[in-house]
Amino acid sequence: MAKVYTGRDGRLLLGSDTLVKVTSWTLQADLETLEITTLGDAQRNYAPGVQGFSGSAALIYYTDDDGSNDASTLLRKIINTTGVTTADVVSLTLRLVDGNTNSDVTLNAYITSASIGANVGEVCSAQISFQGTGPVTTVRI
Amino acid sequence: MAFPSYNPTSRTFNAGDYVYKKFTSQSGKEVRILYGDKRTGMELDLGYENIPDTQADDFITHYDEVKGGFNSFVLPSAFRTGWTGDAAAIDAATGNQWRYASPPEIRSVRPGISSVTVKLVGAL
């Protein structure tokens with residue numbers, strides 16, 4: 001049966017934990033191209049270079065009944081007093097759900113920016129950007 | 001092996017000059033004496049961007065074979081790729097051959113891919 005994915009099908013996982021209050025995520029994949037056009041060529045030619053992955057997500061700043069705060073976990077990767085180390089690499093899975101079938105992209109990433117704000121009449125939300133490091137570890141899309 | 005026969009991605013040619021000496025008197029009058037009838041000292045810079053390492057190392061192999069800047073050699077026609085003028089115009093002039101002006105430079109771009117720069121000079 002045909003399936004049209006919507007925001008309701010989207011999930012963002014930190015490690016194996018689904019972050020429950022995510023309102024959006026995006027994934028950007030880039031390929032650097034290396035020009036190999038030689039003198040005498042009439043058209044440009046390219047060879048594949050290195051890949052890169054980055055993205056962003058928006059999360060509601062929300063404390064659950066058990067005291068957990070998904071947004072806080074990611075925010076503290078960059079908003080902290082100790083600096084960022086290689087230990088701050090997070091495993092993120094960007095998922096689209098279709099029944100029991102998941103379309104996943106999993107990557108290790110650094111949180112490269114985070115912003116959080118409070119506005120009258122709005123729930124507090126946080127926006128993060130992440131930069132993938134190394135290859136994506138799972139691709140099922 | 002001969003100089004690697006790959007199409008360059010960039011090429012800069014300097015035509016060199018004839019050998020002469022200039023004498024300037026105290027009055028400023030200038031006299032030039034020509035010592036040869038052949039142009040020499042041509043300079044040729046060749047760039048090979050983003051080529052496989054297996055091609056890049058051919059330049060080092062050739063550099064070893066001609067003992068660096070010691071021996072002279074001729075270039076394959078591939079170095080003129082894209083040039084539609086007189087072939088001799090950008091080659092070593094009559095009586096000249098090419099020598100390495102400096103060692104080939106290899107810049108690694110990514111695993112398996114490098115860029116090579118070769119600087120040659122024409123010598124009689």
# chains A, B, ... in the order shown; residues from 1 in each chain; ligands from 1

$ select_by_dssp --residues "range 8-127 of chain A" --states "strand (DSSP E or B)" --output "ChimeraX atom specification"
/A:10-14,17-18,22-35,46-60,90-98,101-117,125-127

$ write_last_selection --atoms "C-alpha atoms" --output "PDB file, in the first residue's frame"
ATOM      1  CA  GLY A  10       9.348  11.118  12.251  1.00  0.00           C
ATOM      2  CA  ARG A  11      11.499  10.101  15.199  1.00  0.00           C
ATOM      3  CA  LEU A  12      14.870  11.165  16.522  1.00  0.00           C
ATOM      4  CA  LEU A  13      16.826   8.722  18.600  1.00  0.00           C
ATOM      5  CA  LEU A  14      19.774   9.518  20.831  1.00  0.00           C
ATOM      6  CA  ASP A  17      16.387   6.209  23.196  1.00  0.00           C
ATOM      7  CA  THR A  18      13.647   7.925  21.275  1.00  0.00           C
ATOM      8  CA  VAL A  22      11.125  16.499  18.861  1.00  0.00           C
ATOM      9  CA  THR A  23       9.221  18.824  16.572  1.00  0.00           C
ATOM     10  CA  SER A  24      11.452  18.608  13.522  1.00  0.00           C
ATOM     11  CA  TRP A  25      14.684  17.250  12.162  1.00  0.00           C
ATOM     12  CA  THR A  26      16.612  17.610   8.954  1.00  0.00           C
ATOM     13  CA  LEU A  27      19.533  15.734   7.502  1.00  0.00           C
ATOM     14  CA  GLN A  28      21.896  17.187   4.929  1.00  0.00           C
ATOM     15  CA  ALA A  29      24.283  14.948   2.986  1.00  0.00           C
ATOM     16  CA  ASP A  30      27.033  16.527   0.937  1.00  0.00           C
ATOM     17  CA  LEU A  31      29.598  15.212  -1.469  1.00  0.00           C
ATOM     18  CA  GLU A  32      32.720  17.157  -2.241  1.00  0.00           C
ATOM     19  CA  THR A  33      33.587  16.859  -5.905  1.00  0.00           C
ATOM     20  CA  LEU A  34      37.119  16.988  -7.250  1.00  0.00           C
ATOM     21  CA  GLU A  35      37.561  18.522 -10.658  1.00  0.00           C
ATOM     22  CA  TYR A  46      34.594  15.397 -11.644  1.00  0.00           C
ATOM     23  CA  ALA A  47      35.616  12.593  -9.340  1.00  0.00           C
ATOM     24  CA  PRO A  48      33.905  11.932  -6.027  1.00  0.00           C
ATOM     25  CA  GLY A  49      35.589  13.411  -2.992  1.00  0.00           C
ATOM     26  CA  VAL A  50      34.654  13.053   0.637  1.00  0.00           C
ATOM     27  CA  GLN A  51      31.146  12.887   2.031  1.00  0.00           C
ATOM     28  CA  GLY A  52      29.781  14.985   4.826  1.00  0.00           C
ATOM     29  CA  PHE A  53      26.650  14.812   6.898  1.00  0.00           C
ATOM     30  CA  SER A  54      25.010  17.464   8.972  1.00  0.00           C
ATOM     31  CA  GLY A  55      21.579  18.409  10.138  1.00  0.00           C
ATOM     32  CA  SER A  56      19.432  20.081  12.689  1.00  0.00           C
ATOM     33  CA  ALA A  57      16.585  19.357  15.028  1.00  0.00           C
ATOM     34  CA  ALA A  58      14.137  21.234  17.176  1.00  0.00           C
ATOM     35  CA  LEU A  59      13.089  19.901  20.559  1.00  0.00           C
ATOM     36  CA  ILE A  60      10.632  21.118  23.138  1.00  0.00           C
ATOM     37  CA  VAL A  90      26.459  11.329  20.094  1.00  0.00           C
ATOM     38  CA  SER A  91      24.810   8.609  18.053  1.00  0.00           C
ATOM     39  CA  LEU A  92      21.749  10.033  16.361  1.00  0.00           C
ATOM     40  CA  THR A  93      19.192   8.061  14.431  1.00  0.00           C
ATOM     41  CA  LEU A  94      16.829   9.938  12.156  1.00  0.00           C
ATOM     42  CA  ARG A  95      13.844   7.701  11.628  1.00  0.00           C
ATOM     43  CA  LEU A  96      10.681   7.518   9.609  1.00  0.00           C
ATOM     44  CA  VAL A  97       8.252   4.877  10.856  1.00  0.00           C
ATOM     45  CA  ASP A  98       5.932   2.816   8.703  1.00  0.00           C
ATOM     46  CA  THR A 101       9.296  -0.888   9.327  1.00  0.00           C
ATOM     47  CA  ASN A 102      11.747   1.863  10.102  1.00  0.00           C
ATOM     48  CA  SER A 103      13.611   3.968   7.607  1.00  0.00           C
ATOM     49  CA  ASP A 104      16.748   4.930   9.499  1.00  0.00           C
ATOM     50  CA  VAL A 105      19.876   6.938   9.063  1.00  0.00           C
ATOM     51  CA  THR A 106      22.263   6.613  11.988  1.00  0.00           C
ATOM     52  CA  LEU A 107      25.369   8.685  12.375  1.00  0.00           C
ATOM     53  CA  ASN A 108      27.834   9.805  14.987  1.00  0.00           C
ATOM     54  CA  ALA A 109      27.833  13.540  15.394  1.00  0.00           C
ATOM     55  CA  TYR A 110      28.971  16.524  17.364  1.00  0.00           C
ATOM     56  CA  ILE A 111      26.388  19.035  18.425  1.00  0.00           C
ATOM     57  CA  THR A 112      27.757  22.151  16.772  1.00  0.00           C
ATOM     58  CA  SER A 113      25.208  24.714  17.797  1.00  0.00           C
ATOM     59  CA  ALA A 114      22.335  25.001  20.194  1.00  0.00           C
ATOM     60  CA  SER A 115      19.915  27.710  21.006  1.00  0.00           C
ATOM     61  CA  ILE A 116      17.108  27.882  23.481  1.00  0.00           C
ATOM     62  CA  GLY A 117      14.686  30.616  24.213  1.00  0.00           C
ATOM     63  CA  SER A 125      12.031  24.968  22.599  1.00  0.00           C
ATOM     64  CA  ALA A 126      15.621  24.328  21.663  1.00  0.00           C
ATOM     65  CA  GLN A 127      17.211  24.154  18.258  1.00  0.00           C
TER      66      GLN A 127
END

$ select_by_dssp --residues "range 48-109 of chain A" --states "alpha helix (DSSP H)" --output "PDB file with N, CA and C atoms, in the first residue's frame"
ATOM      1  N   ASP A  70      14.929  15.360  27.422  1.00  0.00           N
ATOM      2  CA  ASP A  70      15.636  14.986  26.200  1.00  0.00           C
ATOM      3  C   ASP A  70      16.432  16.146  25.617  1.00  0.00           C
ATOM      4  N   ALA A  71      15.817  17.310  25.612  1.00  0.00           N
ATOM      5  CA  ALA A  71      16.502  18.458  25.043  1.00  0.00           C
ATOM      6  C   ALA A  71      17.765  18.773  25.823  1.00  0.00           C
ATOM      7  N   SER A  72      17.665  18.649  27.146  1.00  0.00           N
ATOM      8  CA  SER A  72      18.801  18.961  27.998  1.00  0.00           C
ATOM      9  C   SER A  72      19.988  18.063  27.693  1.00  0.00           C
ATOM     10  N   THR A  73      19.713  16.804  27.417  1.00  0.00           N
ATOM     11  CA  THR A  73      20.810  15.872  27.134  1.00  0.00           C
ATOM     12  C   THR A  73      21.650  16.348  25.967  1.00  0.00           C
ATOM     13  N   LEU A  74      20.989  16.807  24.917  1.00  0.00           N
ATOM     14  CA  LEU A  74      21.725  17.296  23.744  1.00  0.00           C
ATOM     15  C   LEU A  74      22.324  18.677  23.989  1.00  0.00           C
ATOM     16  N   LEU A  75      21.581  19.534  24.671  1.00  0.00           N
ATOM     17  CA  LEU A  75      22.084  20.886  24.926  1.00  0.00           C
ATOM     18  C   LEU A  75      23.367  20.849  25.736  1.00  0.00           C
TER      19      LEU A  75
END

$ residues_around --residues "Ser68 in chain A" --least-positions-apart "6" --cutoff "12 Å" --atoms "only C-alpha atoms" --output "PDB file with N, CA and C atoms, in the first residue's frame"
ATOM      1  N   ASP A  17      17.539   5.587  22.545  1.00  0.00           N
ATOM      2  CA  ASP A  17      16.387   6.209  23.196  1.00  0.00           C
ATOM      3  C   ASP A  17      15.688   7.187  22.255  1.00  0.00           C
ATOM      4  N   LEU A  19      13.797  10.325  21.448  1.00  0.00           N
ATOM      5  CA  LEU A  19      13.559  11.617  22.079  1.00  0.00           C
ATOM      6  C   LEU A  19      12.112  11.992  21.805  1.00  0.00           C
ATOM      7  N   VAL A  20      11.365  12.180  22.888  1.00  0.00           N
ATOM      8  CA  VAL A  20       9.908  12.213  22.736  1.00  0.00           C
ATOM      9  C   VAL A  20       9.365  13.567  22.297  1.00  0.00           C
ATOM     10  N   LYS A  21      10.093  14.616  22.505  1.00  0.00           N
ATOM     11  CA  LYS A  21       9.517  15.936  22.224  1.00  0.00           C
ATOM     12  C   LYS A  21      10.253  16.644  21.087  1.00  0.00           C
ATOM     13  N   TYR A  61      11.661  21.963  25.146  1.00  0.00           N
ATOM     14  CA  TYR A  61      12.374  21.845  26.429  1.00  0.00           C
ATOM     15  C   TYR A  61      11.349  21.389  27.459  1.00  0.00           C
ATOM     16  N   TYR A  62      11.443  20.136  27.846  1.00  0.00           N
ATOM     17  CA  TYR A  62      10.354  19.485  28.542  1.00  0.00           C
ATOM     18  C   TYR A  62      10.919  18.489  29.542  1.00  0.00           C
ATOM     19  N   LEU A  74      20.989  16.807  24.917  1.00  0.00           N
ATOM     20  CA  LEU A  74      21.725  17.296  23.744  1.00  0.00           C
ATOM     21  C   LEU A  74      22.324  18.677  23.989  1.00  0.00           C
TER      22      LEU A  74
END

$ interface_residues --of "chain B" --to "chain A" --cutoff "12 Å" --atoms "only C-alpha atoms" --output "NGL selection string"
:B and (6-12 or 46-52 or 78-84 or 109-115)

$ atom_distance --atom1 "CA of Ala15 in chain B" --atom2 "CA of Val74 in chain B"
16.3 Å

$ closest_residue --among "B:Asp17, B:Asp53, B:Asp64, B:Glu105" --to "Thr117 in chain B" --atoms "only C-alpha atoms"
B:Glu105

$ atom_distance --atom1 "CA of Ile79 in chain A" --atom2 "CA of Thr63 in chain A"
17.6 Å

$ residues_around --residues "Glu43 in chain B" --least-positions-apart "3" --cutoff "7 Å" --atoms "only C-alpha atoms" --output "PDB file with C-alpha atoms, in the first residue's frame"
ATOM      1  CA  PHE B  13      54.916  28.315 -20.379  1.00  0.00           C
ATOM      2  CA  ASN B  14      57.639  30.929 -20.255  1.00  0.00           C
ATOM      3  CA  ALA B  15      59.492  31.315 -23.550  1.00  0.00           C
ATOM      4  CA  GLY B  16      62.941  31.904 -22.093  1.00  0.00           C
ATOM      5  CA  LEU B 120      60.667  22.151 -15.834  1.00  0.00           C
ATOM      6  CA  VAL B 121      63.295  24.313 -17.451  1.00  0.00           C
ATOM      7  CA  GLY B 122      64.673  24.126 -20.966  1.00  0.00           C
TER       8      GLY B 122
END

$ residues_around --residues "Leu34 in chain B" --least-positions-apart "3" --cutoff "7 Å" --atoms "only C-alpha atoms" --output "list in words"
Val19, Tyr20 and Lys21 of chain B

$ atom_distance --atom1 "CA of Glu65 in chain B" --atom2 "CA of Lys119 in chain B"
16.4 Å
